[in-house]
$ cat structure.cif   # mmCIF, C-alpha atoms and all ligand atoms
data_data
#
loop_
_atom_site.label_atom_id
_atom_site.label_comp_id
_atom_site.auth_asym_id
_atom_site.auth_seq_id
_atom_site.Cartn_x
_atom_site.Cartn_y
_atom_site.Cartn_z
CA MET U 1 -22.40 1.74 -40.04
CA ARG U 2 -21.29 5.32 -39.58
CA ASN U 3 -23.84 5.83 -36.81
CA THR U 4 -22.67 2.66 -35.13
CA PHE U 5 -19.10 3.96 -35.11
CA TYR U 6 -20.15 7.18 -33.39
CA TRP U 7 -22.13 5.20 -30.84
CA LEU U 8 -19.06 3.07 -30.05
CA VAL U 9 -16.85 6.13 -29.60
CA SER U 10 -19.38 7.71 -27.25
CA ALA U 11 -19.85 4.48 -25.32
CA GLY U 12 -16.08 4.12 -24.97
CA ALA U 13 -15.78 7.62 -23.55
CA LEU U 14 -18.56 6.91 -21.05
CA LEU U 15 -16.97 3.61 -20.09
CA GLY U 16 -13.64 5.35 -19.51
CA VAL U 17 -15.29 7.67 -17.01
CA THR U 18 -16.90 4.71 -15.23
CA LEU U 19 -13.62 2.81 -14.95
CA ALA U 20 -11.87 5.86 -13.55
CA ALA U 21 -14.55 6.20 -10.88
CA ASP U 22 -14.25 2.51 -10.01
CA ALA U 23 -10.50 2.90 -9.51
CA ALA U 24 -10.90 5.13 -6.42
CA PRO U 25 -8.46 3.66 -3.90
CA LEU U 26 -9.94 1.45 -1.21
CA LEU U 27 -8.24 0.02 1.85
CA LEU U 28 -7.31 -3.60 1.06
CA SER U 29 -5.20 -4.63 4.05
CA GLY U 30 -7.95 -5.08 6.64
CA ASN U 31 -6.85 -2.36 9.09
CA ASN U 32 -9.22 -1.27 11.84
CA THR U 33 -10.59 2.03 10.50
CA GLY U 34 -11.70 3.26 13.95
CA GLY U 35 -8.27 4.49 15.06
CA ASP U 36 -5.84 7.27 14.17
CA TYR U 37 -4.37 5.47 11.11
CA PRO U 38 -5.50 4.99 8.40
CA GLY U 39 -8.67 6.40 9.98
CA ALA U 40 -12.17 6.29 8.57
CA VAL U 41 -11.38 5.37 4.97
CA ALA U 42 -13.44 3.29 2.52
CA ALA U 43 -12.39 -0.35 2.59
CA LEU U 44 -12.85 -3.67 0.81
CA ALA U 45 -13.19 -6.70 3.06
CA THR U 46 -10.42 -8.88 1.65
CA GLY U 47 -9.63 -11.03 4.71
CA ALA U 48 -6.01 -9.92 4.42
CA THR U 49 -3.39 -11.23 6.83
CA TYR U 50 0.30 -10.50 7.31
CA ASN U 51 3.42 -11.83 8.93
CA TRP U 52 7.01 -10.76 9.47
CA LEU U 53 9.50 -12.23 7.05
CA ALA U 54 12.16 -14.50 8.57
CA GLY U 55 15.33 -12.53 9.15
CA SER U 56 13.45 -9.40 10.20
CA ASP U 57 14.72 -7.45 13.20
CA ALA U 58 14.38 -9.81 16.19
CA ASP U 59 12.92 -7.07 18.40
CA VAL U 60 10.07 -6.50 15.96
CA ILE U 61 9.27 -10.19 15.66
CA ALA U 62 9.20 -10.47 19.47
CA GLN U 63 6.93 -7.43 19.83
CA ASP U 64 4.26 -8.61 17.39
CA PRO U 65 3.88 -12.38 17.77
CA GLY U 66 0.18 -12.33 16.86
CA TYR U 67 0.65 -10.23 13.69
CA THR U 68 -1.89 -7.64 14.78
CA LYS U 69 -0.01 -4.40 15.45
CA MET U 70 0.22 -3.31 11.80
CA THR U 71 -3.55 -3.54 11.25
CA ASP U 72 -5.06 -2.57 14.61
CA GLY U 73 -5.67 1.02 13.43
CA MET U 74 -3.36 2.51 16.05
CA SER U 75 -0.26 4.53 15.27
CA GLU U 76 2.76 4.82 17.57
CA ALA U 77 1.15 7.89 19.18
CA ALA U 78 -0.15 5.77 22.05
CA GLY U 79 3.25 4.17 22.66
CA GLY U 80 4.42 0.72 21.70
CA TYR U 81 1.06 -0.89 22.38
CA GLY U 82 0.05 -0.60 18.71
CA ALA U 83 3.48 -0.23 17.11
CA VAL U 84 6.77 -2.05 16.60
CA TYR U 85 10.18 -0.61 17.51
CA GLY U 86 13.24 -1.87 15.69
CA GLY U 87 16.41 -2.59 17.60
CA TRP U 88 18.24 0.54 18.71
CA GLY U 89 21.15 1.31 16.39
CA THR U 90 21.18 -2.10 14.72
CA THR U 91 21.53 -2.49 10.97
CA ALA U 92 18.56 -4.85 10.86
CA THR U 93 15.57 -4.07 8.72
CA TYR U 94 12.12 -5.60 9.08
CA THR U 95 9.80 -6.80 6.38
CA ALA U 96 6.06 -7.46 6.48
CA VAL U 97 4.38 -9.69 3.90
CA PHE U 98 0.65 -9.14 3.35
CA ASP U 99 -1.59 -11.76 1.75
CA LEU U 100 -4.71 -10.10 0.33
CA LYS U 101 -6.21 -13.58 -0.33
CA ALA U 102 -6.91 -12.70 -3.99
CA ALA U 103 -5.39 -10.47 -6.64
CA TYR U 104 -6.24 -6.76 -6.56
CA GLN U 105 -4.96 -3.66 -8.25
CA ILE U 106 -2.48 -2.02 -5.89
CA ASP U 107 -2.18 1.79 -6.04
CA ARG U 108 -0.45 2.87 -2.84
CA VAL U 109 1.16 1.54 0.30
CA GLY U 110 0.95 3.79 3.35
CA VAL U 111 2.96 3.53 6.56
CA SER U 112 2.40 5.38 9.81
CA ALA U 113 5.86 6.31 11.08
CA ALA U 114 7.24 8.07 14.14
CA PHE U 115 9.89 10.74 13.68
CA THR U 116 11.69 12.29 16.63
CA PHE U 117 14.69 14.48 15.85
CA THR U 118 15.82 17.87 16.99
CA ASP U 119 18.44 19.45 14.75
CA GLY U 120 18.40 18.24 11.21
CA ASN U 121 17.84 14.93 9.52
CA VAL U 122 20.91 12.90 10.51
CA ASP U 123 21.09 10.41 13.36
CA HIS U 124 18.37 11.57 15.64
CA SER U 125 16.34 9.03 17.49
CA ALA U 126 13.38 7.58 15.61
CA GLY U 127 12.58 7.68 11.91
CA ILE U 128 12.32 5.71 8.69
CA GLY U 129 14.95 6.36 6.03
CA LYS U 130 13.76 3.94 3.37
CA LEU U 131 10.58 2.06 2.48
CA THR U 132 10.67 -0.53 -0.29
CA VAL U 133 7.66 -2.41 -1.68
CA TRP U 134 7.56 -5.54 -3.82
CA THR U 135 4.43 -7.23 -5.14
CA SER U 136 3.73 -10.78 -6.28
CA VAL U 137 0.90 -12.81 -7.76
CA ASP U 138 2.06 -16.14 -6.28
CA GLY U 139 3.91 -15.20 -3.08
CA ILE U 140 7.12 -16.70 -4.45
CA ASN U 141 8.28 -14.49 -7.29
CA TYR U 142 8.57 -10.80 -6.42
CA GLY U 143 10.97 -9.50 -9.09
CA THR U 144 12.29 -5.98 -8.86
CA ALA U 145 10.84 -3.52 -6.37
CA TRP U 146 7.45 -2.04 -7.29
CA GLY U 147 8.22 1.25 -5.57
CA GLN U 148 10.43 2.90 -3.00
CA LEU U 149 10.38 5.94 -0.76
CA LEU U 150 13.95 7.05 -0.07
CA ASP U 151 14.91 9.74 2.43
CA PRO U 152 11.43 11.06 3.19
CA THR U 153 11.57 14.63 4.46
CA PRO U 154 11.50 14.24 8.22
CA VAL U 155 8.79 15.97 10.16
CA ASP U 156 8.57 15.51 13.91
CA GLY U 157 5.51 13.53 14.82
CA ARG U 158 4.26 10.18 16.03
CA ASN U 159 1.78 9.46 13.22
CA ILE U 160 3.51 10.65 10.05
CA ASP U 161 1.94 9.19 6.90
CA LEU U 162 4.55 7.91 4.46
CA SER U 163 3.38 6.67 1.06
CA VAL U 164 4.98 4.50 -1.59
CA LEU U 165 3.38 5.31 -4.95
CA ALA U 166 4.00 3.69 -8.32
CA ALA U 167 2.12 2.62 -11.43
CA PRO U 168 -0.89 0.45 -10.47
CA VAL U 169 -0.02 -3.24 -10.40
CA ASP U 170 -2.14 -6.40 -10.04
CA ALA U 171 -0.99 -8.59 -7.15
CA ARG U 172 -2.10 -10.74 -4.22
CA TYR U 173 1.02 -10.45 -2.05
CA VAL U 174 2.66 -7.21 -0.95
CA LYS U 175 6.06 -7.14 0.78
CA ILE U 176 7.13 -3.98 2.66
CA GLU U 177 10.69 -3.53 3.93
CA ILE U 178 11.26 -0.87 6.57
CA ASP U 179 14.76 0.53 7.11
CA ARG U 180 15.99 3.16 9.55
CA ILE U 181 18.83 4.02 7.11
CA GLY U 182 18.18 5.92 3.88
CA SER U 183 20.88 7.06 1.52
CA PRO U 184 24.39 6.57 2.91
CA GLY U 185 25.62 9.86 4.32
CA ASN U 186 22.16 11.35 4.18
CA THR U 187 19.24 10.17 6.27
CA TRP U 188 19.50 7.67 9.08
CA TYR U 189 17.99 7.22 12.48
CA MET U 190 18.71 5.20 15.58
CA GLN U 191 15.42 3.33 15.48
CA ALA U 192 12.62 2.67 12.98
CA ARG U 193 9.22 2.77 14.67
CA THR U 194 6.19 1.72 12.66
CA GLY U 195 2.64 2.12 13.86
CA GLU U 196 0.65 0.76 10.94
CA ILE U 197 0.87 -0.44 7.35
CA ALA U 198 -2.02 0.06 4.91
CA ILE U 199 -2.41 -1.12 1.32
CA PHE U 200 -4.77 0.72 -1.03
CA GLY U 201 -6.23 -0.17 -4.41
CA GLY U 202 -9.32 -1.93 -5.70
CA ALA U 203 -10.75 -4.64 -7.88
CA ILE U 204 -8.76 -5.35 -11.01
CA PRO U 205 -10.47 -3.25 -13.73
CA GLU U 206 -12.14 -5.01 -16.60
CA PRO U 207 -10.07 -4.48 -19.77
CA LEU U 208 -11.48 -1.59 -21.80
CA SER U 209 -11.44 -3.61 -25.03
CA LEU U 210 -13.72 -6.26 -23.52
CA GLY U 211 -16.17 -3.61 -22.34
CA LEU U 212 -16.18 -2.00 -25.78
CA LEU U 213 -16.85 -5.36 -27.45
CA THR U 214 -19.81 -5.94 -25.13
CA LEU U 215 -21.18 -2.47 -25.73
CA GLY U 216 -20.55 -2.80 -29.46
CA ALA U 217 -22.58 -6.01 -29.56
CA ALA U 218 -25.40 -4.31 -27.66
CA VAL U 219 -25.44 -1.36 -30.06
CA LEU U 220 -25.50 -3.68 -33.08
CA ALA U 221 -28.32 -5.72 -31.52
CA VAL U 222 -30.36 -2.53 -31.05
CA ARG U 223 -29.77 -1.52 -34.66
CA ARG U 224 -30.84 -4.96 -35.95
CA ARG U 225 -34.15 -4.70 -34.14
CA ARG U 226 -35.03 -1.50 -36.00
CA CA U 301 -0.84 -0.29 14.88
#

$ encode --input "structure.cif" --output "structure tokens" --more "lines below"
Ligand SMILES: [Ca+2]
Amino acid sequence: MRNTFYWLVSAGALLGVTLAADAAPLLLSGNNTGGDYPGAVAALATGATYNWLAGSDADVIAQDPGYTKMTDGMSEAAGGYGAVYGGWGTTATYTAVFDLKAAYQIDRVGVSAAFTFTDGNVDHSAGIGKLTVWTSVDGINYGTAWGQLLDPTPVDGRNIDLSVLAAPVDARYVKIEIDRIGSPGNTWYMQARTGEIAIFGGAIPEPLSLGLLTLGAAVLAVRRRR
């Protein structure tokens, strides 16, 4: 039995390495990878779709009636053709809801943002002050926010990669709210321009205990044959 125990410990260590390798983030949201965002990244073909949540900034809804601009692979660098521009100076936010068509492990949500400011980080043209992400298994119950990026350090540019990171979560639906206003009195902009939204993660990992049980059974079977 002692040998069997050592075998199980070794197998568990090997399995841990394998699971970590499998968890390398893949693009889940179906973006065109031939453009400037998210670029040529590894992807899983999920068949994901998205729409804009009712109540989102009316300008954004009008600019993207076919729900294509957030996954066409183009940032705002080429103008509004591949991006949405929130209403100028309004308090409206806009919220995209992605359906990945099955549950996956979500690791990161990336957004391609445009920042244009000239003398500091307060009230200068375009930028995103706050990104908030919720996830859901059923598309109805979202609970508390999964992660948030508040007051990202502004850097002038038309394809700035903002990321919301949090502990990996299993979900089918991902809701992303984009706000031009960050913390009151801190970061805010006249307009939130978004070129692309990308969701990263992978297949839901097999529980380690199940893998160990399978390996344990295999080891015991080998020993019985001796
Ligand atoms: Ca786009």

$ atom_distance --input "structure.cif" --atom1 "atom CA of Trp188 of chain U" --atom2 "atom CA of Phe117 of chain U"
10.7 Å

$ residues_near_ligand --input "structure.cif" --ligand "ligand CA 301 (chain U)" --cutoff "6 Å" --atoms "all atoms listed in the file" --output "ChimeraX atom specification"
/U:69-75,82-83,195-196

$ write_last_selection --input "structure.cif" --atoms "C-alpha atoms" --output "PDB file, in the frame of the given file"
ATOM      1  CA  LYS U  69      -0.010  -4.400  15.450  1.00  0.00           C
ATOM      2  CA  MET U  70       0.220  -3.310  11.800  1.00  0.00           C
ATOM      3  CA  THR U  71      -3.550  -3.540  11.250  1.00  0.00           C
ATOM      4  CA  ASP U  72      -5.060  -2.570  14.610  1.00  0.00           C
ATOM      5  CA  GLY U  73      -5.670   1.020  13.430  1.00  0.00           C
ATOM      6  CA  MET U  74      -3.360   2.510  16.050  1.00  0.00           C
ATOM      7  CA  SER U  75      -0.260   4.530  15.270  1.00  0.00           C
ATOM      8  CA  GLY U  82       0.050  -0.600  18.710  1.00  0.00           C
ATOM      9  CA  ALA U  83       3.480  -0.230  17.110  1.00  0.00           C
ATOM     10  CA  GLY U 195       2.640   2.120  13.860  1.00  0.00           C
ATOM     11  CA  GLU U 196       0.650   0.760  10.940  1.00  0.00           C
TER      12      GLU U 196
END

$ closest_residue --input "structure.cif" --among "U:Asp36, U:Leu149, U:Gln63, U:Ser136" --to "Tyr104 of chain U" --atoms "all atoms listed in the file"
U:Ser136

$ closest_residue --input "structure.cif" --among "U:Ala62, U:Leu26, U:Ala43, U:Val137" --to "Ala103 of chain U" --atoms "all atoms listed in the file"
U:Val137

$ atom_distance --input "structure.cif" --atom1 "atom CA of Gly86 of chain U" --atom2 "atom CA of Gly147 of chain U"
22.1 Å

$ closest_residue --input "structure.cif" --among "U:Phe115, U:Tyr50, U:Tyr142, U:Trp88" --to "Thr194 of chain U" --atoms "only C-alpha atoms"
U:Phe115

$ residues_near_point --input "structure.cif" --point "(11.8, 6.1, 7.2)" --cutoff "9 Å" --atoms "only C-alpha atoms" --output "compact mmCIF listing (two decimals) with C-alpha atoms, in the coordinates of the input"
# COMPACT_ATOMS: atom_id res chain seq x y z
CA ALA U 113 5.86 6.31 11.08
CA ALA U 114 7.24 8.07 14.14
CA PHE U 115 9.89 10.74 13.68
CA ALA U 126 13.38 7.58 15.61
CA GLY U 127 12.58 7.68 11.91
CA ILE U 128 12.32 5.71 8.69
CA GLY U 129 14.95 6.36 6.03
CA LYS U 130 13.76 3.94 3.37
CA LEU U 131 10.58 2.06 2.48
CA LEU U 149 10.38 5.94 -0.76
CA LEU U 150 13.95 7.05 -0.07
CA ASP U 151 14.91 9.74 2.43
CA PRO U 152 11.43 11.06 3.19
CA THR U 153 11.57 14.63 4.46
CA PRO U 154 11.50 14.24 8.22
CA LEU U 162 4.55 7.91 4.46
CA ILE U 178 11.26 -0.87 6.57
CA ASP U 179 14.76 0.53 7.11
CA ARG U 180 15.99 3.16 9.55
CA ILE U 181 18.83 4.02 7.11
CA GLY U 182 18.18 5.92 3.88
CA THR U 187 19.24 10.17 6.27
CA TRP U 188 19.50 7.67 9.08
CA TYR U 189 17.99 7.22 12.48
CA ALA U 192 12.62 2.67 12.98
CA ARG U 193 9.22 2.77 14.67
CA THR U 194 6.19 1.72 12.66

$ atom_distance --input "structure.cif" --atom1 "atom CA of Gly139 of chain U" --atom2 "atom CA of Asp99 of chain U"
8.1 Å

$ closest_residue --input "structure.cif" --among "U:Thr135, U:Val164, U:Ile106, U:Ile197" --to "Thr68 of chain U" --atoms "all atoms listed in the file"
U:Ile197
